[in-house]
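Enquirer: This is the content of upload22.pdb (PDB, C-alpha atoms, pLDDT in the B column):
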ATOM      1  CA  MET A 347      95.281  83.169  99.304  1.00 46.00           C
ATOM      2  CA  LEU A 348      96.769  86.642  98.809  1.00 42.00           C
ATOM      3  CA  LEU A 349     100.245  85.150  98.421  1.00 38.00           C
ATOM      4  CA  GLN A 350      98.960  82.709  95.780  1.00 41.00           C
ATOM      5  CA  TYR A 351      97.360  85.592  93.886  1.00 39.00           C
ATOM      6  CA  ILE A 352     100.583  87.637  93.990  1.00 39.00           C
ATOM      7  CA  ILE A 353     102.641  84.690  92.761  1.00 35.00           C
ATOM      8  CA  CYS A 354     100.131  84.014  89.960  1.00 38.00           C
ATOM      9  CA  LEU A 355     100.104  87.688  89.009  1.00 37.00           C
ATOM     10  CA  CYS A 356     103.922  87.816  88.883  1.00 39.00           C
ATOM     11  CA  ILE A 357     104.079  84.726  86.698  1.00 34.00           C
ATOM     12  CA  SER A 358     101.344  86.102  84.444  1.00 38.00           C
ATOM     13  CA  LEU A 359     103.137  89.437  84.124  1.00 39.00           C
ATOM     14  CA  ALA A 360     106.385  87.694  83.264  1.00 39.00           C
ATOM     15  CA  LEU A 361     104.709  85.575  80.607  1.00 35.00           C
ATOM     16  CA  GLY A 362     102.245  88.194  79.344  1.00 38.00           C
ATOM     17  CA  ALA A 363      99.605  85.553  79.954  1.00 41.00           C
ATOM     18  CA  CYS A 364      96.007  85.861  78.987  1.00 41.00           C
ATOM     19  CA  HIS A 365      93.406  85.455  81.714  1.00 47.00           C
ATOM     20  CA  PRO A 366      91.406  82.513  80.361  1.00 48.00           C
ATOM     21  CA  GLN A 367      88.226  83.535  82.158  1.00 51.00           C
ATOM     22  CA  SER A 368      88.389  87.097  80.855  1.00 55.00           C
ATOM     23  CA  GLY A 369      89.885  86.932  77.387  1.00 70.00           C
ATOM     24  CA  ILE A 370      92.258  89.829  78.097  1.00 83.00           C
ATOM     25  CA  ASN A 371      95.931  89.671  78.900  1.00 89.00           C
ATOM     26  CA  THR A 372      97.648  90.983  81.993  1.00 90.00           C
ATOM     27  CA  GLN A 373      98.909  94.103  80.243  1.00 94.00           C
ATOM     28  CA  GLN A 374      95.395  95.002  79.125  1.00 94.00           C
ATOM     29  CA  GLN A 375      94.044  94.467  82.640  1.00 93.00           C
ATOM     30  CA  ALA A 376      96.870  96.608  84.073  1.00 94.00           C
ATOM     31  CA  ALA A 377      96.005  99.374  81.599  1.00 96.00           C
ATOM     32  CA  LEU A 378      92.337  99.193  82.636  1.00 97.00           C
ATOM     33  CA  GLN A 379      93.317  99.389  86.306  1.00 97.00           C
ATOM     34  CA  GLN A 380      95.550 102.382  85.613  1.00 97.00           C
ATOM     35  CA  LYS A 381      92.692 104.141  83.788  1.00 97.00           C
ATOM     36  CA  ALA A 382      90.236 103.372  86.610  1.00 98.00           C
ATOM     37  CA  THR A 383      92.707 104.704  89.178  1.00 97.00           C
ATOM     38  CA  SER A 384      93.103 107.860  87.103  1.00 97.00           C
ATOM     39  CA  ILE A 385      89.325 108.362  86.994  1.00 98.00           C
ATOM     40  CA  VAL A 386      89.109 107.977  90.787  1.00 97.00           C
ATOM     41  CA  ARG A 387      91.844 110.609  91.204  1.00 97.00           C
ATOM     42  CA  GLN A 388      89.977 112.903  88.839  1.00 97.00           C
ATOM     43  CA  PHE A 389      86.715 112.431  90.778  1.00 97.00           C
ATOM     44  CA  VAL A 390      88.439 113.226  94.082  1.00 95.00           C
ATOM     45  CA  SER A 391      90.305 116.213  92.633  1.00 96.00           C
ATOM     46  CA  MET A 392      87.021 117.670  91.395  1.00 96.00           C
ATOM     47  CA  LEU A 393      84.929 116.983  94.521  1.00 95.00           C
ATOM     48  CA  LYS A 394      87.434 117.808  97.252  1.00 94.00           C
ATOM     49  CA  PRO A 395      87.777 121.552  96.443  1.00 95.00           C
ATOM     50  CA  GLN A 396      83.994 121.937  96.394  1.00 94.00           C
ATOM     51  CA  LEU A 397      83.688 120.287  99.806  1.00 93.00           C
ATOM     52  CA  ARG A 398      86.611 122.270 101.215  1.00 95.00           C
ATOM     53  CA  GLN A 399      85.007 125.527 100.073  1.00 96.00           C
ATOM     54  CA  ALA A 400      81.607 124.483 101.461  1.00 94.00           C
ATOM     55  CA  LEU A 401      83.194 123.644 104.820  1.00 95.00           C
ATOM     56  CA  GLN A 402      84.928 127.042 104.929  1.00 95.00           C
ATOM     57  CA  HIS A 403      81.788 128.983 104.010  1.00 94.00           C
ATOM     58  CA  GLY A 404      79.093 127.104 105.885  1.00 93.00           C
ATOM     59  CA  GLY A 405      80.560 124.282 107.929  1.00 95.00           C
ATOM     60  CA  PRO A 406      79.708 120.583 107.730  1.00 95.00           C
ATOM     61  CA  ALA A 407      75.969 121.165 107.237  1.00 94.00           C
ATOM     62  CA  HIS A 408      76.672 123.176 104.077  1.00 93.00           C
ATOM     63  CA  ALA A 409      79.212 120.588 102.891  1.00 95.00           C
ATOM     64  CA  ILE A 410      76.520 117.907 103.182  1.00 95.00           C
ATOM     65  CA  GLU A 411      74.207 119.948 100.973  1.00 93.00           C
ATOM     66  CA  VAL A 412      76.970 120.493  98.397  1.00 90.00           C
ATOM     67  CA  CYS A 413      78.024 116.835  98.485  1.00 93.00           C
ATOM     68  CA  SER A 414      74.434 115.640  98.004  1.00 94.00           C
ATOM     69  CA  ARG A 415      74.352 117.461  94.656  1.00 94.00           C
ATOM     70  CA  ALA A 416      77.990 117.546  93.546  1.00 94.00           C
ATOM     71  CA  ALA A 417      79.066 113.928  94.066  1.00 94.00           C
ATOM     72  CA  PRO A 418      76.285 112.341  91.971  1.00 94.00           C
ATOM     73  CA  ALA A 419      76.683 115.041  89.309  1.00 95.00           C
ATOM     74  CA  LEU A 420      80.435 114.450  89.095  1.00 95.00           C
ATOM     75  CA  ALA A 421      79.945 110.682  88.874  1.00 95.00           C
ATOM     76  CA  ALA A 422      77.413 111.170  86.073  1.00 96.00           C
ATOM     77  CA  GLN A 423      79.654 113.655  84.246  1.00 96.00           C
ATOM     78  CA  LEU A 424      82.725 111.432  84.472  1.00 96.00           C
ATOM     79  CA  SER A 425      80.677 108.384  83.449  1.00 97.00           C
ATOM     80  CA  GLU A 426      79.479 110.198  80.353  1.00 97.00           C
ATOM     81  CA  ASN A 427      82.918 111.604  79.508  1.00 97.00           C
ATOM     82  CA  THR A 428      84.865 108.375  80.030  1.00 97.00           C
ATOM     83  CA  GLY A 429      82.433 105.598  79.139  1.00 97.00           C
ATOM     84  CA  TRP A 430      82.902 104.053  82.589  1.00 98.00           C
ATOM     85  CA  LYS A 431      80.124 103.531  85.149  1.00 97.00           C
ATOM     86  CA  ILE A 432      81.295 105.364  88.283  1.00 97.00           C
ATOM     87  CA  LYS A 433      79.792 105.200  91.740  1.00 96.00           C
ATOM     88  CA  ARG A 434      80.657 105.084  95.416  1.00 96.00           C
ATOM     89  CA  VAL A 435      79.378 102.240  97.580  1.00 97.00           C
ATOM     90  CA  SER A 436      79.402 101.459 101.286  1.00 97.00           C
ATOM     91  CA  LEU A 437      78.307  98.803 103.754  1.00 97.00           C
ATOM     92  CA  LYS A 438      76.754 101.721 105.647  1.00 96.00           C
ATOM     93  CA  ALA A 439      75.263 103.713 102.788  1.00 95.00           C
ATOM     94  CA  ARG A 440      74.416 107.380 103.023  1.00 94.00           C
ATOM     95  CA  ASN A 441      72.984 107.929  99.545  1.00 86.00           C
ATOM     96  CA  HIS A 442      70.252 105.330  99.040  1.00 84.00           C
ATOM     97  CA  PRO A 443      69.861 103.543  96.683  1.00 87.00           C
ATOM     98  CA  ALA A 444      72.904 104.725  94.692  1.00 88.00           C
ATOM     99  CA  ALA A 445      75.467 103.663  97.317  1.00 94.00           C
ATOM    100  CA  ILE A 446      74.075 100.212  98.080  1.00 96.00           C
ATOM    101  CA  PRO A 447      76.679  97.634  96.994  1.00 97.00           C
ATOM    102  CA  ASP A 448      75.823  94.696  94.788  1.00 96.00           C
ATOM    103  CA  THR A 449      76.945  91.204  95.848  1.00 97.00           C
ATOM    104  CA  TRP A 450      80.485  91.519  94.458  1.00 97.00           C
ATOM    105  CA  GLU A 451      80.954  95.042  95.831  1.00 97.00           C
ATOM    106  CA  LYS A 452      79.745  93.916  99.259  1.00 98.00           C
ATOM    107  CA  SER A 453      82.248  91.044  99.334  1.00 98.00           C
ATOM    108  CA  VAL A 454      85.074  93.391  98.319  1.00 98.00           C
ATOM    109  CA  LEU A 455      84.087  95.912 101.020  1.00 98.00           C
ATOM    110  CA  GLN A 456      84.111  93.107 103.588  1.00 98.00           C
ATOM    111  CA  GLN A 457      87.527  92.032 102.265  1.00 98.00           C
ATOM    112  CA  PHE A 458      88.796  95.608 102.669  1.00 98.00           C
ATOM    113  CA  ASP A 459      87.585  95.606 106.299  1.00 97.00           C
ATOM    114  CA  ARG A 460      89.406  92.314 106.997  1.00 97.00           C
ATOM    115  CA  GLU A 461      92.587  93.625 105.369  1.00 97.00           C
ATOM    116  CA  ARG A 462      92.457  96.829 107.432  1.00 96.00           C
ATOM    117  CA  ALA A 463      91.989  94.762 110.599  1.00 96.00           C
ATOM    118  CA  ALA A 464      95.074  92.784 109.558  1.00 97.00           C
ATOM    119  CA  GLY A 465      97.098  96.007 109.361  1.00 96.00           C
ATOM    120  CA  ILE A 466      97.071  96.617 105.606  1.00 96.00           C
ATOM    121  CA  SER A 467      96.965 100.282 104.615  1.00 95.00           C
ATOM    122  CA  PRO A 468      93.654 101.322 103.021  1.00 94.00           C
ATOM    123  CA  ALA A 469      95.643 103.436 100.559  1.00 91.00           C
ATOM    124  CA  THR A 470      96.794 100.234  98.844  1.00 93.00           C
ATOM    125  CA  MET A 471      93.427  98.461  98.754  1.00 97.00           C
ATOM    126  CA  VAL A 472      92.367  97.922  95.169  1.00 97.00           C
ATOM    127  CA  VAL A 473      90.541  94.972  93.624  1.00 97.00           C
ATOM    128  CA  SER A 474      89.703  94.384  89.986  1.00 96.00           C
ATOM    129  CA  ARG A 475      88.341  91.591  87.864  1.00 95.00           C
ATOM    130  CA  VAL A 476      86.926  90.820  84.464  1.00 94.00           C
ATOM    131  CA  GLU A 477      83.762  88.788  84.240  1.00 89.00           C
ATOM    132  CA  GLY A 478      81.155  88.407  81.546  1.00 91.00           C
ATOM    133  CA  GLY A 479      82.808  90.973  79.314  1.00 94.00           C
ATOM    134  CA  VAL A 480      82.868  93.632  82.041  1.00 97.00           C
ATOM    135  CA  TYR A 481      85.929  95.033  83.799  1.00 97.00           C
ATOM    136  CA  ARG A 482      85.201  95.896  87.453  1.00 98.00           C
ATOM    137  CA  PHE A 483      87.394  97.927  89.794  1.00 98.00           C
ATOM    138  CA  MET A 484      87.125  98.999  93.424  1.00 98.00           C
ATOM    139  CA  LYS A 485      89.360 101.264  95.494  1.00 98.00           C
ATOM    140  CA  ALA A 486      88.915 101.643  99.247  1.00 98.00           C
ATOM    141  CA  GLN A 487      87.882 105.001 100.645  1.00 97.00           C
ATOM    142  CA  PRO A 488      89.302 105.307 104.182  1.00 95.00           C
ATOM    143  CA  VAL A 489      88.119 107.679 106.887  1.00 95.00           C
ATOM    144  CA  VAL A 490      90.468 110.666 107.178  1.00 93.00           C
ATOM    145  CA  PRO A 491      90.117 113.381 109.856  1.00 93.00           C
ATOM    146  CA  VAL A 492      87.797 115.670 107.865  1.00 92.00           C
ATOM    147  CA  CYS A 493      85.394 112.735 107.232  1.00 92.00           C
ATOM    148  CA  LEU A 494      84.659 112.553 110.948  1.00 93.00           C
ATOM    149  CA  LEU A 495      82.775 115.865 110.801  1.00 92.00           C
ATOM    150  CA  CYS A 496      79.917 114.155 108.942  1.00 94.00           C
ATOM    151  CA  HIS A 497      80.667 110.436 109.328  1.00 95.00           C
ATOM    152  CA  GLY A 498      82.086 110.236 112.866  1.00 95.00           C
ATOM    153  CA  GLU A 499      80.642 109.129 116.165  1.00 93.00           C
ATOM    154  CA  ASN A 500      80.021 112.645 117.484  1.00 93.00           C
ATOM    155  CA  ILE A 501      78.481 114.998 114.960  1.00 94.00           C
ATOM    156  CA  SER A 502      76.953 118.379 115.684  1.00 94.00           C
ATOM    157  CA  PRO A 503      73.160 118.905 115.837  1.00 95.00           C
ATOM    158  CA  ASP A 504      73.345 121.111 112.700  1.00 94.00           C
ATOM    159  CA  THR A 505      75.168 118.344 110.851  1.00 95.00           C
ATOM    160  CA  ALA A 506      72.643 115.735 112.028  1.00 95.00           C
ATOM    161  CA  ALA A 507      69.792 117.960 110.812  1.00 96.00           C
ATOM    162  CA  ALA A 508      71.447 118.401 107.398  1.00 95.00           C
ATOM    163  CA  LEU A 509      71.954 114.655 107.109  1.00 95.00           C
ATOM    164  CA  LYS A 510      68.299 114.047 107.927  1.00 95.00           C
ATOM    165  CA  ARG A 511      67.285 116.595 105.288  1.00 95.00           C
ATOM    166  CA  PHE A 512      69.563 115.506 102.427  1.00 94.00           C
ATOM    167  CA  TYR A 513      70.029 111.815 103.278  1.00 95.00           C
ATOM    168  CA  PRO A 514      66.919 110.627 105.147  1.00 94.00           C
ATOM    169  CA  GLN A 515      68.072 106.972 105.093  1.00 94.00           C
ATOM    170  CA  ASP A 516      71.652 107.751 106.173  1.00 94.00           C
ATOM    171  CA  GLN A 517      73.566 104.914 107.821  1.00 95.00           C
ATOM    172  CA  ALA A 518      77.088 106.301 107.254  1.00 95.00           C
ATOM    173  CA  ARG A 519      77.852 107.438 110.785  1.00 95.00           C
ATOM    174  CA  GLY A 520      79.845 106.154 113.713  1.00 95.00           C
ATOM    175  CA  TYR A 521      83.129 105.746 111.866  1.00 96.00           C
ATOM    176  CA  LYS A 522      86.557 106.065 113.439  1.00 95.00           C
ATOM    177  CA  LEU A 523      89.753 107.338 111.860  1.00 94.00           C
ATOM    178  CA  GLY A 524      91.295 104.831 109.442  1.00 93.00           C
ATOM    179  CA  GLN A 525      88.228 102.654 108.978  1.00 95.00           C
ATOM    180  CA  ILE A 526      86.950 101.865 105.490  1.00 96.00           C
ATOM    181  CA  ARG A 527      84.027 104.203 104.836  1.00 96.00           C
ATOM    182  CA  GLY A 528      83.303 102.750 101.437  1.00 97.00           C
ATOM    183  CA  ALA A 529      84.863 102.423  98.025  1.00 98.00           C
ATOM    184  CA  PHE A 530      84.886 103.816  94.548  1.00 98.00           C
ATOM    185  CA  SER A 531      83.370 101.253  92.213  1.00 98.00           C
ATOM    186  CA  LEU A 532      83.956 101.522  88.482  1.00 98.00           C
ATOM    187  CA  SER A 533      82.985  99.238  85.627  1.00 98.00           C
ATOM    188  CA  ARG A 534      83.310  99.198  81.873  1.00 97.00           C
ATOM    189  CA  GLN A 535      82.011  96.950  79.114  1.00 95.00           C
ATOM    190  CA  LEU A 536      84.882  95.385  77.194  1.00 94.00           C
TER
END
Represent the supplied structure as C-alpha cells.

Expert:
Amino acid sequence: MLLQYIICLCISLALGACHPQSGINTQQQAALQQKATSIVRQFVSMLKPQLRQALQHGGPAHAIEVCSRAAPALAAQLSENTGWKIKRVSLKARNHPAAIPDTWEKSVLQQFDRERAAGISPATMVVSRVEGGVYRFMKAQPVVPVCLLCHGENISPDTAAALKRFYPQDQARGYKLGQIRGAFSLSRQL
C-alpha cells in the first residue's frame, strides 16, 4: 500500500497532476504540507524553551503546570495568527477533551504505531489529505528522553501529584523511549 502511494505520488509530481478528490494539484498540496510543517516547528520552538526553563527551576511538576497553560495558549495563538486549526492528539490523551482524536486522527495515530513497530523512524511520519474542502495534516510526536519524566513508566510522586492536579483525566503515562506519544494535528479550510 505504501509503495503504491509513493509510486502514485511520484507520477503525480512528475505530471503536476490534480488530485481529483481534492481539487488541488500536487504542488499546492506540497506547499500546504510545507506550511503545516513550519507551523509545527514554530509551535515546538516556542514551547520547548518554556518547558526547559520550568524543568530547570521547578522540576517536572513545575513543567506540567507550565505546559498545562502554555501549550493550549500557543496552539490558540498560532491558530489565530496563521488561520490554521492547531492541536495535539493522542491515543492516550492527557488534556481532555482537547487531545482526544477524531476518527481520522485515531486511524493515523494507529498507522504511526504500526509504522514504528515496522522500524520506520517517527521523525519521518507525516500524513496529509484533502477532503471536503479541508486540508488535514498530522506529524508524529515520538517519546524522547525528557518526555519520560512526565510520560514514562516510573514518574516521581511529585510529578504524579501535579498530573492529578492539572490533568485529572490523564492517560498519557507508561510510555517507553521511541514510542509515538501523539501527533500534531493541523487543518485548514481551502

Enquirer: When the PyMOL selection byres ((chain A and resi 373-386) around 8) is applied to the structure above, which residues does it catch, written out as a PyMOL selection string?

Expert: chain A and resi 359+362+370-372+387-390+424+474+481+483+485+530+532

Enquirer: Include C-alpha atoms and write out the residues we just selected as a short mmCIF file (atom, residue, chain, number, x, y, z; two decimals), keeping the file's coordinate frame.

Expert:
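Final file, again-v5.cif:
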data_model
loop_
_atom_site.label_atom_id
_atom_site.label_comp_id
_atom_site.auth_asym_id
_atom_site.auth_seq_id
_atom_site.Cartn_x
_atom_site.Cartn_y
_atom_site.Cartn_z
CA LEU A 359 103.14 89.44 84.12
CA GLY A 362 102.24 88.19 79.34
CA ILE A 370 92.26 89.83 78.10
CA ASN A 371 95.93 89.67 78.90
CA THR A 372 97.65 90.98 81.99
CA ARG A 387 91.84 110.61 91.20
CA GLN A 388 89.98 112.90 88.84
CA PHE A 389 86.72 112.43 90.78
CA VAL A 390 88.44 113.23 94.08
CA LEU A 424 82.72 111.43 84.47
CA SER A 474 89.70 94.38 89.99
CA TYR A 481 85.93 95.03 83.80
CA PHE A 483 87.39 97.93 89.79
CA LYS A 485 89.36 101.26 95.49
CA PHE A 530 84.89 103.82 94.55
CA LEU A 532 83.96 101.52 88.48
#

Enquirer: Could you list, as a list in words, every residue matched by the PyMOL selection byres ((chain A and resi 439) around 12) in this structure?

Expert: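 Applying the expression gives Arg434, Val435, Ser436, Leu437, Lys438, Arg440, Asn441, His442, Pro443, Ala444, Ala445, Ile446, Pro447, Lys452, Leu455, His497, Tyr513, Pro514, Gln515, Asp516, Gln517, Ala518, Arg519, Arg527, Gly528 and Ala529 of chain A.
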
Enquirer: Please evaluate the PyMOL selection byres ((chain A and resi 503-505) around 12) against the displayed coordinates and give the resulting residues as a compact mmCIF listing (two decimals) with C-alpha atoms, in the frame of the given file.

Expert:
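Result went into part-v1.txt, see below:
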# COMPACT_ATOMS: atom_id res chain seq x y z
CA LEU A 401 83.19 123.64 104.82
CA GLY A 404 79.09 127.10 105.88
CA GLY A 405 80.56 124.28 107.93
CA PRO A 406 79.71 120.58 107.73
CA ALA A 407 75.97 121.16 107.24
CA HIS A 408 76.67 123.18 104.08
CA ALA A 409 79.21 120.59 102.89
CA ILE A 410 76.52 117.91 103.18
CA GLU A 411 74.21 119.95 100.97
CA LEU A 494 84.66 112.55 110.95
CA LEU A 495 82.78 115.86 110.80
CA CYS A 496 79.92 114.16 108.94
CA HIS A 497 80.67 110.44 109.33
CA GLY A 498 82.09 110.24 112.87
CA GLU A 499 80.64 109.13 116.16
CA ASN A 500 80.02 112.64 117.48
CA ILE A 501 78.48 115.00 114.96
CA SER A 502 76.95 118.38 115.68
CA ALA A 506 72.64 115.74 112.03
CA ALA A 507 69.79 117.96 110.81
CA ALA A 508 71.45 118.40 107.40
CA LEU A 509 71.95 114.66 107.11
CA LYS A 510 68.30 114.05 107.93
CA ARG A 511 67.28 116.60 105.29
CA PHE A 512 69.56 115.51 102.43
CA TYR A 513 70.03 111.82 103.28
CA ARG A 519 77.85 107.44 110.78

Enquirer: Just give me the gap between atom CA of A:Gly520 and atom CA of A:Gln396 in Å, one decimal is fine.

Expert: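 Pair atom CA of A:Gly520 / atom CA of A:Gln396 returns 23.8 Å.
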
Enquirer: Between atom CA of A:Ser425 and atom CA of A:Arg534, what is the distance, to one decimal in Å?

Expert: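 Distance between the two atoms: 9.7 Å.
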
Enquirer: Mind giving me the straight-line distance from atom CA of A:Ile466 to atom CA of A:Gln487 in Å, one decimal?

Expert: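 Distance between the two atoms: 13.4 Å.
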
Enquirer: Report, as lines of an AutoDock Vina configuration file, the axis-aligned box around all atoms of stretch 417-432 of chain A present in the file, extended by 4 Å on each side; give centre and edge lengths in Å to one decimal place.

Expert:
center_x = 80.6
center_y = 109.3
center_z = 86.6
size_x = 16.6
size_y = 19.5
size_z = 22.9

Enquirer: Give the answer as one residue: which of A:Leu393, A:Ala422, A:Val489, A:Ala400 has the shortest atom-to-atom distance to A:Ser467, using all atoms listed in the file?

Expert: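 Once distances to A:Ser467 are computed over all atoms listed in the file, the minimum belongs to A:Val489.
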